$ cat query.cif   # mmCIF, C-alpha atoms and all ligand atoms
data_protein
#
loop_
_atom_site.label_atom_id
_atom_site.label_comp_id
_atom_site.auth_asym_id
_atom_site.auth_seq_id
_atom_site.Cartn_x
_atom_site.Cartn_y
_atom_site.Cartn_z
CA MET N 9 -9.48 -5.12 -19.79
CA SER N 10 -9.45 -7.65 -16.97
CA TYR N 11 -9.17 -7.88 -13.22
CA CYS N 12 -7.70 -10.85 -11.39
CA ASN N 13 -10.61 -13.08 -10.35
CA LYS N 14 -8.55 -16.05 -9.18
CA ALA N 15 -9.60 -17.88 -6.05
CA ASN N 16 -7.19 -17.55 -3.11
CA SER N 17 -6.07 -21.15 -3.63
CA GLU N 18 -4.94 -20.30 -7.20
CA VAL N 19 -2.84 -17.23 -6.32
CA ASP N 20 0.88 -17.36 -7.18
CA ILE N 21 2.30 -16.34 -3.80
CA GLU N 22 5.92 -16.48 -4.94
CA ASN N 23 5.81 -14.55 -8.23
CA GLY N 24 2.81 -12.30 -7.70
CA GLU N 25 -0.30 -11.61 -9.77
CA LEU N 26 -1.58 -9.14 -12.34
CA LEU N 27 -4.45 -7.46 -10.51
CA TYR N 28 -5.39 -5.53 -13.67
CA ASP N 29 -4.27 -5.74 -17.28
CA ASP N 30 -5.69 -3.96 -20.32
CA GLY N 31 -2.73 -4.58 -22.63
CA THR N 32 -0.99 -1.21 -22.12
CA HIS N 33 -1.64 -0.71 -18.40
CA LYS N 34 -0.96 -3.21 -15.62
CA PHE N 35 -1.33 -3.12 -11.83
CA ILE N 36 0.80 -5.89 -10.33
CA TRP N 37 1.00 -7.39 -6.83
CA LEU N 38 4.61 -8.49 -6.44
CA GLY N 39 4.14 -11.56 -4.26
CA TRP N 40 5.24 -12.62 -0.80
CA GLY N 41 8.59 -13.96 0.16
CA ARG N 42 9.21 -16.38 2.98
CA LEU N 43 8.71 -14.59 6.29
CA GLU N 44 11.01 -14.62 9.27
CA THR N 45 9.52 -14.95 12.72
CA GLY N 46 8.65 -11.56 14.20
CA MET N 47 8.67 -9.75 10.86
CA ILE N 48 5.45 -8.30 9.48
CA GLN N 49 4.58 -9.40 5.96
CA THR N 50 4.33 -6.63 3.35
CA ASN N 51 2.71 -6.17 -0.05
CA GLN N 52 4.60 -4.41 -2.83
CA TYR N 53 2.94 -3.18 -6.02
CA LEU N 54 4.12 -2.15 -9.48
CA ILE N 55 2.14 -0.19 -12.07
CA VAL N 56 3.30 -0.49 -15.68
CA ASP N 57 1.80 2.10 -18.03
CA ASN N 58 3.02 2.03 -21.66
CA ASN N 59 6.23 0.30 -20.52
CA LYS N 60 7.00 2.87 -17.81
CA GLY N 61 6.93 1.84 -14.17
CA THR N 62 5.65 3.16 -10.85
CA LEU N 63 6.45 1.40 -7.58
CA LEU N 64 4.16 1.74 -4.54
CA ASP N 65 5.79 1.25 -1.10
CA PRO N 66 8.46 -1.11 -2.48
CA GLY N 67 9.52 -1.99 1.05
CA GLY N 68 12.47 -2.07 3.38
CA ILE N 69 16.05 -3.26 3.10
CA HIS N 70 15.23 -6.82 4.07
CA ILE N 71 13.05 -7.67 1.06
CA PHE N 72 14.90 -5.51 -1.49
CA PRO N 73 16.52 -8.40 -3.46
CA LYS N 74 13.21 -10.28 -3.72
CA VAL N 75 11.31 -7.17 -4.88
CA VAL N 76 13.99 -6.28 -7.47
CA SER N 77 13.87 -9.82 -8.81
CA ASN N 78 10.06 -9.76 -9.20
CA VAL N 79 9.97 -6.21 -10.63
CA THR N 80 12.48 -7.08 -13.35
CA LYS N 81 10.19 -9.86 -14.60
CA PHE N 82 7.89 -7.04 -15.77
CA ILE N 83 10.10 -4.01 -16.47
CA ASP N 84 13.73 -2.85 -16.62
CA LEU N 85 14.75 -0.88 -13.53
CA GLU N 86 15.77 2.05 -15.75
CA ASP N 87 12.14 2.35 -16.93
CA ILE N 88 10.82 3.04 -13.44
CA GLU N 89 9.81 6.70 -13.41
CA TYR N 90 8.09 7.09 -10.04
CA ILE N 91 8.45 5.53 -6.60
CA PHE N 92 5.86 6.33 -3.95
CA PHE N 93 6.49 6.04 -0.21
CA SER N 94 3.29 6.50 1.77
CA HIS N 95 4.86 7.39 5.15
CA GLN N 96 7.98 7.12 7.28
CA ASP N 97 7.88 3.63 8.77
CA PRO N 98 10.91 1.33 8.24
CA ASP N 99 8.88 -1.35 6.41
CA VAL N 100 7.94 1.36 3.90
CA SER N 101 10.94 3.58 3.58
CA SER N 102 14.18 1.96 4.76
CA GLY N 103 14.86 0.85 1.16
CA ILE N 104 14.84 4.43 -0.23
CA PRO N 105 18.66 4.74 -0.56
CA MET N 106 18.82 1.44 -2.46
CA TRP N 107 15.97 2.31 -4.82
CA LEU N 108 17.61 5.69 -5.50
CA SER N 109 20.82 3.89 -6.42
CA VAL N 110 19.35 1.27 -8.80
CA THR N 111 16.79 3.47 -10.62
CA ASN N 112 16.60 6.98 -12.10
CA ALA N 113 13.11 7.44 -10.66
CA ASN N 114 11.75 10.44 -8.85
CA VAL N 115 10.88 9.43 -5.30
CA TYR N 116 7.64 10.81 -3.82
CA VAL N 117 7.60 11.07 -0.02
CA PRO N 118 5.21 13.07 2.21
CA GLU N 119 6.74 16.52 2.67
CA LEU N 120 6.49 16.08 6.43
CA TRP N 121 9.10 13.30 6.37
CA VAL N 122 11.62 14.68 3.83
CA ARG N 123 13.73 16.35 6.54
CA PHE N 124 14.28 12.93 8.15
CA LEU N 125 15.71 11.31 5.01
CA PRO N 126 19.33 12.43 5.58
CA HIS N 127 19.26 10.02 8.54
CA PHE N 128 19.09 7.17 5.99
CA GLY N 129 22.39 8.50 4.58
CA ILE N 130 20.71 10.32 1.68
CA SER N 131 22.58 13.56 1.02
CA ASP N 132 21.40 14.32 -2.52
CA LEU N 133 17.70 15.19 -2.31
CA SER N 134 17.41 16.28 -5.98
CA ARG N 135 15.19 13.31 -6.94
CA ILE N 136 13.09 13.47 -3.75
CA LYS N 137 9.70 15.06 -4.37
CA GLY N 138 7.94 16.15 -1.18
CA ILE N 139 4.20 15.47 -1.35
CA PRO N 140 2.28 18.44 0.05
CA ASP N 141 -0.30 17.82 2.79
CA ARG N 142 -3.15 18.31 0.29
CA GLY N 143 -1.76 15.60 -2.09
CA THR N 144 -0.62 15.76 -5.72
CA THR N 145 -0.61 13.72 -8.93
CA MET N 146 2.13 11.23 -9.90
CA GLY N 147 1.94 9.55 -13.31
CA THR N 148 -1.44 7.81 -13.54
CA CYS N 149 -1.97 8.13 -9.77
CA GLU N 150 -3.80 10.64 -7.70
CA ILE N 151 -1.93 10.96 -4.39
CA ILE N 152 -4.59 11.47 -1.72
CA PRO N 153 -4.00 12.62 1.87
CA ALA N 154 -4.88 10.09 4.58
CA HIS N 155 -3.27 11.89 7.52
CA PHE N 156 -3.29 10.17 10.92
CA MET N 157 -4.21 6.84 9.22
CA HIS N 158 -1.82 5.97 10.90
CA SER N 159 1.06 8.38 10.32
CA PRO N 160 0.53 12.13 10.86
CA GLY N 161 1.86 12.57 7.32
CA GLU N 162 0.29 9.76 5.29
CA HIS N 163 -0.86 9.48 1.69
CA ILE N 164 -2.53 6.82 -0.42
CA ALA N 165 -2.38 6.41 -4.21
CA TYR N 166 -5.39 5.95 -6.52
CA ASP N 167 -4.51 4.62 -9.96
CA SER N 168 -7.06 6.30 -12.20
CA LYS N 169 -6.63 3.77 -15.05
CA SER N 170 -7.12 0.51 -13.12
CA LYS N 171 -9.28 2.15 -10.41
CA ILE N 172 -7.25 0.29 -7.80
CA LEU N 173 -6.52 2.20 -4.59
CA PHE N 174 -3.15 1.56 -2.92
CA ASN N 175 -4.08 2.09 0.69
CA SER N 176 -0.82 2.01 2.66
CA ASP N 177 -1.42 0.57 6.17
CA ILE N 178 -5.18 1.18 6.07
CA GLY N 179 -6.82 -2.23 5.83
CA ALA N 180 -3.70 -4.01 7.08
CA ALA N 181 -4.16 -7.52 8.46
CA VAL N 182 -1.75 -9.59 10.49
CA PHE N 183 -1.97 -13.27 9.56
CA PRO N 184 -1.40 -16.21 11.89
CA GLU N 185 1.49 -18.40 10.80
CA ASN N 186 0.79 -20.45 7.66
CA ASN N 187 -2.62 -18.93 7.03
CA SER N 188 -2.35 -16.03 4.59
CA TYR N 189 -4.55 -15.38 1.56
CA LEU N 190 -4.56 -12.59 -1.01
CA PHE N 191 -8.21 -11.63 -1.48
CA VAL N 192 -11.07 -10.60 0.81
CA ASP N 193 -14.62 -10.30 -0.47
CA GLU N 194 -18.13 -10.59 0.98
CA ASN N 195 -17.58 -14.32 1.60
CA ASN N 196 -14.61 -14.11 3.97
CA PHE N 197 -14.84 -10.54 5.33
CA GLN N 198 -16.30 -11.59 8.69
CA GLU N 199 -13.33 -13.85 9.53
CA HIS N 200 -10.90 -11.30 8.10
CA MET N 201 -12.13 -8.55 10.45
CA GLY N 202 -10.52 -10.34 13.38
CA LEU N 203 -7.10 -10.13 11.69
CA MET N 204 -7.42 -6.36 11.14
CA GLU N 205 -8.85 -5.25 14.44
CA GLY N 206 -5.76 -5.25 16.66
CA PHE N 207 -3.65 -3.26 14.21
CA HIS N 208 -6.31 -0.63 13.49
CA LYS N 209 -7.36 -0.06 17.08
CA ARG N 210 -3.80 0.54 18.23
CA TYR N 211 -2.11 2.26 15.25
CA LEU N 212 -4.83 4.54 13.85
CA ALA N 213 -5.21 7.94 15.50
CA SER N 214 -8.98 8.27 16.03
CA SER N 215 -12.46 7.58 14.70
CA ASN N 216 -12.48 11.16 13.42
CA ALA N 217 -9.55 10.38 11.10
CA CYS N 218 -11.25 7.10 10.01
CA LYS N 219 -14.51 8.86 9.11
CA TYR N 220 -12.65 11.57 7.19
CA TYR N 221 -10.81 8.90 5.19
CA VAL N 222 -13.95 6.83 4.49
CA ASN N 223 -15.85 9.89 3.31
CA LYS N 224 -13.05 10.84 0.91
CA VAL N 225 -12.54 7.32 -0.47
CA ARG N 226 -16.26 6.64 -1.00
CA GLY N 227 -16.17 9.33 -3.70
CA LEU N 228 -13.81 7.21 -5.84
CA ASP N 229 -14.80 4.57 -8.38
CA LEU N 230 -13.12 1.59 -6.66
CA LYS N 231 -12.45 -1.85 -8.14
CA MET N 232 -9.97 -3.01 -5.50
CA ILE N 233 -8.39 -1.65 -2.31
CA ALA N 234 -4.81 -2.88 -1.97
CA PRO N 235 -3.14 -2.41 1.45
CA GLN N 236 0.55 -2.64 2.33
CA HIS N 237 -0.07 -5.59 4.70
CA GLY N 238 -2.61 -8.37 4.58
CA SER N 239 -5.24 -8.97 1.91
CA ILE N 240 -6.71 -7.06 -1.05
CA PHE N 241 -10.38 -6.06 -0.90
CA ARG N 242 -12.55 -6.73 -3.94
CA GLY N 243 -16.25 -7.17 -4.72
CA GLY N 244 -18.52 -6.72 -1.72
CA GLY N 245 -15.44 -6.69 0.56
CA ILE N 246 -14.74 -3.07 -0.40
CA ASN N 247 -17.89 -1.57 1.11
CA MET N 248 -17.85 -3.97 4.06
CA PHE N 249 -14.35 -2.73 4.87
CA LEU N 250 -15.31 0.95 4.55
CA ASP N 251 -18.41 0.43 6.75
CA TRP N 252 -16.30 -1.37 9.37
CA LEU N 253 -13.71 1.42 9.42
CA ASN N 254 -16.38 4.11 9.58
CA ASN N 255 -17.63 2.63 12.86
CA LEU N 256 -14.26 1.76 14.42
CA GLN N 257 -13.22 3.16 17.80
CA CYS N 258 -9.44 3.42 17.88
CA GLY N 259 -6.37 5.36 19.02
CA SER N 260 -7.26 8.40 21.12
CA ASP N 261 -10.90 7.23 21.36
CA ILE N 262 -9.76 4.32 23.53
CA ILE N 263 -6.59 5.79 25.05
CA SER N 264 -7.43 4.68 28.60
CA GLU N 265 -8.07 1.10 27.42
CA ILE N 266 -4.74 1.10 25.52
CA SER N 267 -2.74 2.61 28.36
CA GLY N 268 -4.17 0.23 30.93
FE FE N 301 3.09 2.18 9.02
FE FE N 302 3.22 -0.78 7.15
#
$ encode --input "query.cif" --output "structure tokens"
Amino acid sequence: MSYCNKANSEVDIENGELLYDDGTHKFIWLGWGRLETGMIQTNQYLIVDNNKGTLLDPGGIHIFPKVVSNVTKFIDLEDIEYIFFSHQDPDVSSGIPMWLSVTNANVYVPELWVRFLPHFGISDLSRIKGIPDRGTTMGTCEIIPAHFMHSPGEHIAYDSKSKILFNSDIGAAVFPENNSYLFVDENNFQEHMGLMEGFHKRYLASSNACKYYVNKVRGLDLKMIAPQHGSIFRGGGINMFLDWLNNLQCGSDIISEISG
């Protein structure tokens, strides 16, 4: 069994990296494409367990061709069994109709958002599995509620085999142009905080929701925390991130500051 311990300078930005591989189970980061100005960068992940696939927030319409191309380096599309969408935002879910058309997978979406899917042009909901507020299981993943972090109906996915937590927008960072890196640990957490702060203060609902999340996640055996934007936490970066979030004032805590 092995976890990716490459330095940031060694990461294959274009093709992605195996974050975990034990021979029969892999957790894969699918790489970054070239970004257009004004578009937030996203992370897509693929789990391959005994040659069957699970996609985690495979992204919107814009990056669909790039994600398909990287996924098929590891697995045939017909072997994808599960696709997880953590919440309703366009960067997460606007690709749902396309993923439904190119795979036979069951698509897991928070129950709260299922009634909005027909607005994407989806009329057949037979492969859409609404995730109840309390969470569920999906393949090797435990789907854990993280409501109001930031969406009112939000879930994260803990892969029990690799012990990697897919964290949706929680832990997102927004990079300055030409300065992105894949991993955060105890050595670069302090600088990284500055890239997370703006997003978390404005998009997360409240410190109450943050503390609830941190308390829940601390109970897991965590090897990496992998967000949908920004960098992946490993080593000492994991607890530094959870401590930071536990003390964050955000959303309704600072509503007068936000509203000016
Ligand atoms: Fe979001
Ligand atoms: Fe997002």
$ atom_distance --input "query.cif" --atom1 "atom CA of Val76 of chain N" --atom2 "atom CA of Ser176 of chain N"
19.8 Å
$ residues_around --input "query.cif" --residues "segment 80-88 of chain N" --least-positions-apart "5" --cutoff "8 Å" --atoms "all atoms listed in the file" --output "compact mmCIF listing (two decimals) with C-alpha atoms, in the coordinates of the input"
# COMPACT_ATOMS: atom_id res chain seq x y z
CA VAL N 56 3.30 -0.49 -15.68
CA ASN N 59 6.23 0.30 -20.52
CA LYS N 60 7.00 2.87 -17.81
CA GLY N 61 6.93 1.84 -14.17
CA THR N 62 5.65 3.16 -10.85
CA LEU N 63 6.45 1.40 -7.58
CA VAL N 110 19.35 1.27 -8.80
CA THR N 111 16.79 3.47 -10.62
CA ASN N 112 16.60 6.98 -12.10
CA ALA N 113 13.11 7.44 -10.66
$ residues_around --input "query.cif" --residues "Met146 of chain N" --least-positions-apart "6" --cutoff "10 Å" --atoms "only C-alpha atoms" --output "NGL selection string"
:N and (62 or 89-92 or 114 or 116 or 139 or 165-167)
$ atom_distance --input "query.cif" --atom1 "atom CA of Phe191 of chain N" --atom2 "atom CA of Val79 of chain N"
21.1 Å
$ closest_atom_pairs --input "query.cif" --of "chain N" --to "ligand FE 302 (chain N)" --cutoff "6 Å" --atoms "only C-alpha atoms and all ligand atoms" --output "CSV"
residue,atom,partner,partner_atom,distance
N:Asp99,CA,N:FE302,FE,5.7
N:Asp177,CA,N:FE302,FE,4.9
N:Gln236,CA,N:FE302,FE,5.8
$ residues_around --input "query.cif" --residues "segment 203-218 of chain N" --least-positions-apart "5" --cutoff "9 Å" --atoms "all atoms listed in the file" --output "list in words"
Ala154, His155, Phe156, Met157, His158, Ser159, Pro160, Asp177, Ile178, Gly179, Ala180, Ala181, Val182, Phe183, Pro184, Asn223, Gly238, Leu253, Asn254, Asn255, Leu256, Gln257, Cys258, Gly259, Ser260, Asp261, Ile262 and Ile266 of chain N
$ write_last_selection --input "query.cif" --atoms "C-alpha atoms" --output "PDB file, in the coordinates of the input"
ATOM      1  CA  ALA N 154      -4.880  10.090   4.580  1.00  0.00           C
ATOM      2  CA  HIS N 155      -3.270  11.890   7.520  1.00  0.00           C
ATOM      3  CA  PHE N 156      -3.290  10.170  10.920  1.00  0.00           C
ATOM      4  CA  MET N 157      -4.210   6.840   9.220  1.00  0.00           C
ATOM      5  CA  HIS N 158      -1.820   5.970  10.900  1.00  0.00           C
ATOM      6  CA  SER N 159       1.060   8.380  10.320  1.00  0.00           C
ATOM      7  CA  PRO N 160       0.530  12.130  10.860  1.00  0.00           C
ATOM      8  CA  ASP N 177      -1.420   0.570   6.170  1.00  0.00           C
ATOM      9  CA  ILE N 178      -5.180   1.180   6.070  1.00  0.00           C
ATOM     10  CA  GLY N 179      -6.820  -2.230   5.830  1.00  0.00           C
ATOM     11  CA  ALA N 180      -3.700  -4.010   7.080  1.00  0.00           C
ATOM     12  CA  ALA N 181      -4.160  -7.520   8.460  1.00  0.00           C
ATOM     13  CA  VAL N 182      -1.750  -9.590  10.490  1.00  0.00           C
ATOM     14  CA  PHE N 183      -1.970 -13.270   9.560  1.00  0.00           C
ATOM     15  CA  PRO N 184      -1.400 -16.210  11.890  1.00  0.00           C
ATOM     16  CA  ASN N 223     -15.850   9.890   3.310  1.00  0.00           C
ATOM     17  CA  GLY N 238      -2.610  -8.370   4.580  1.00  0.00           C
ATOM     18  CA  LEU N 253     -13.710   1.420   9.420  1.00  0.00           C
ATOM     19  CA  ASN N 254     -16.380   4.110   9.580  1.00  0.00           C
ATOM     20  CA  ASN N 255     -17.630   2.630  12.860  1.00  0.00           C
ATOM     21  CA  LEU N 256     -14.260   1.760  14.420  1.00  0.00           C
ATOM     22  CA  GLN N 257     -13.220   3.160  17.800  1.00  0.00           C
ATOM     23  CA  CYS N 258      -9.440   3.420  17.880  1.00  0.00           C
ATOM     24  CA  GLY N 259      -6.370   5.360  19.020  1.00  0.00           C
ATOM     25  CA  SER N 260      -7.260   8.400  21.120  1.00  0.00           C
ATOM     26  CA  ASP N 261     -10.900   7.230  21.360  1.00  0.00           C
ATOM     27  CA  ILE N 262      -9.760   4.320  23.530  1.00  0.00           C
ATOM     28  CA  ILE N 266      -4.740   1.100  25.520  1.00  0.00           C
TER      29      ILE N 266
END
$ atom_distance --input "query.cif" --atom1 "atom CA of Lys219 of chain N" --atom2 "atom CA of Arg242 of chain N"
20.4 Å
$ axis_aligned_box --input "query.cif" --around "segment 101-108 of chain N" --padding-each-side "4 Å" --output "lines of an AutoDock Vina configuration file"
center_x = 14.9
center_y = 3.3
center_z = -0.4
size_x = 15.9
size_y = 12.8
size_z = 18.3
$ closest_residue --input "query.cif" --among "N:Val100, N:Leu250, N:Val75, N:Met9" --to "ligand FE 301 (chain N)" --atoms "all atoms listed in the file"
N:Val100
$ residues_around --input "query.cif" --residues "Ile71 of chain N" --least-positions-apart "3" --cutoff "12 Å" --atoms "all atoms listed in the file" --output "ChimeraX atom specification"
/N:38-44,47-52,65-68,74-78,98-103,106-107
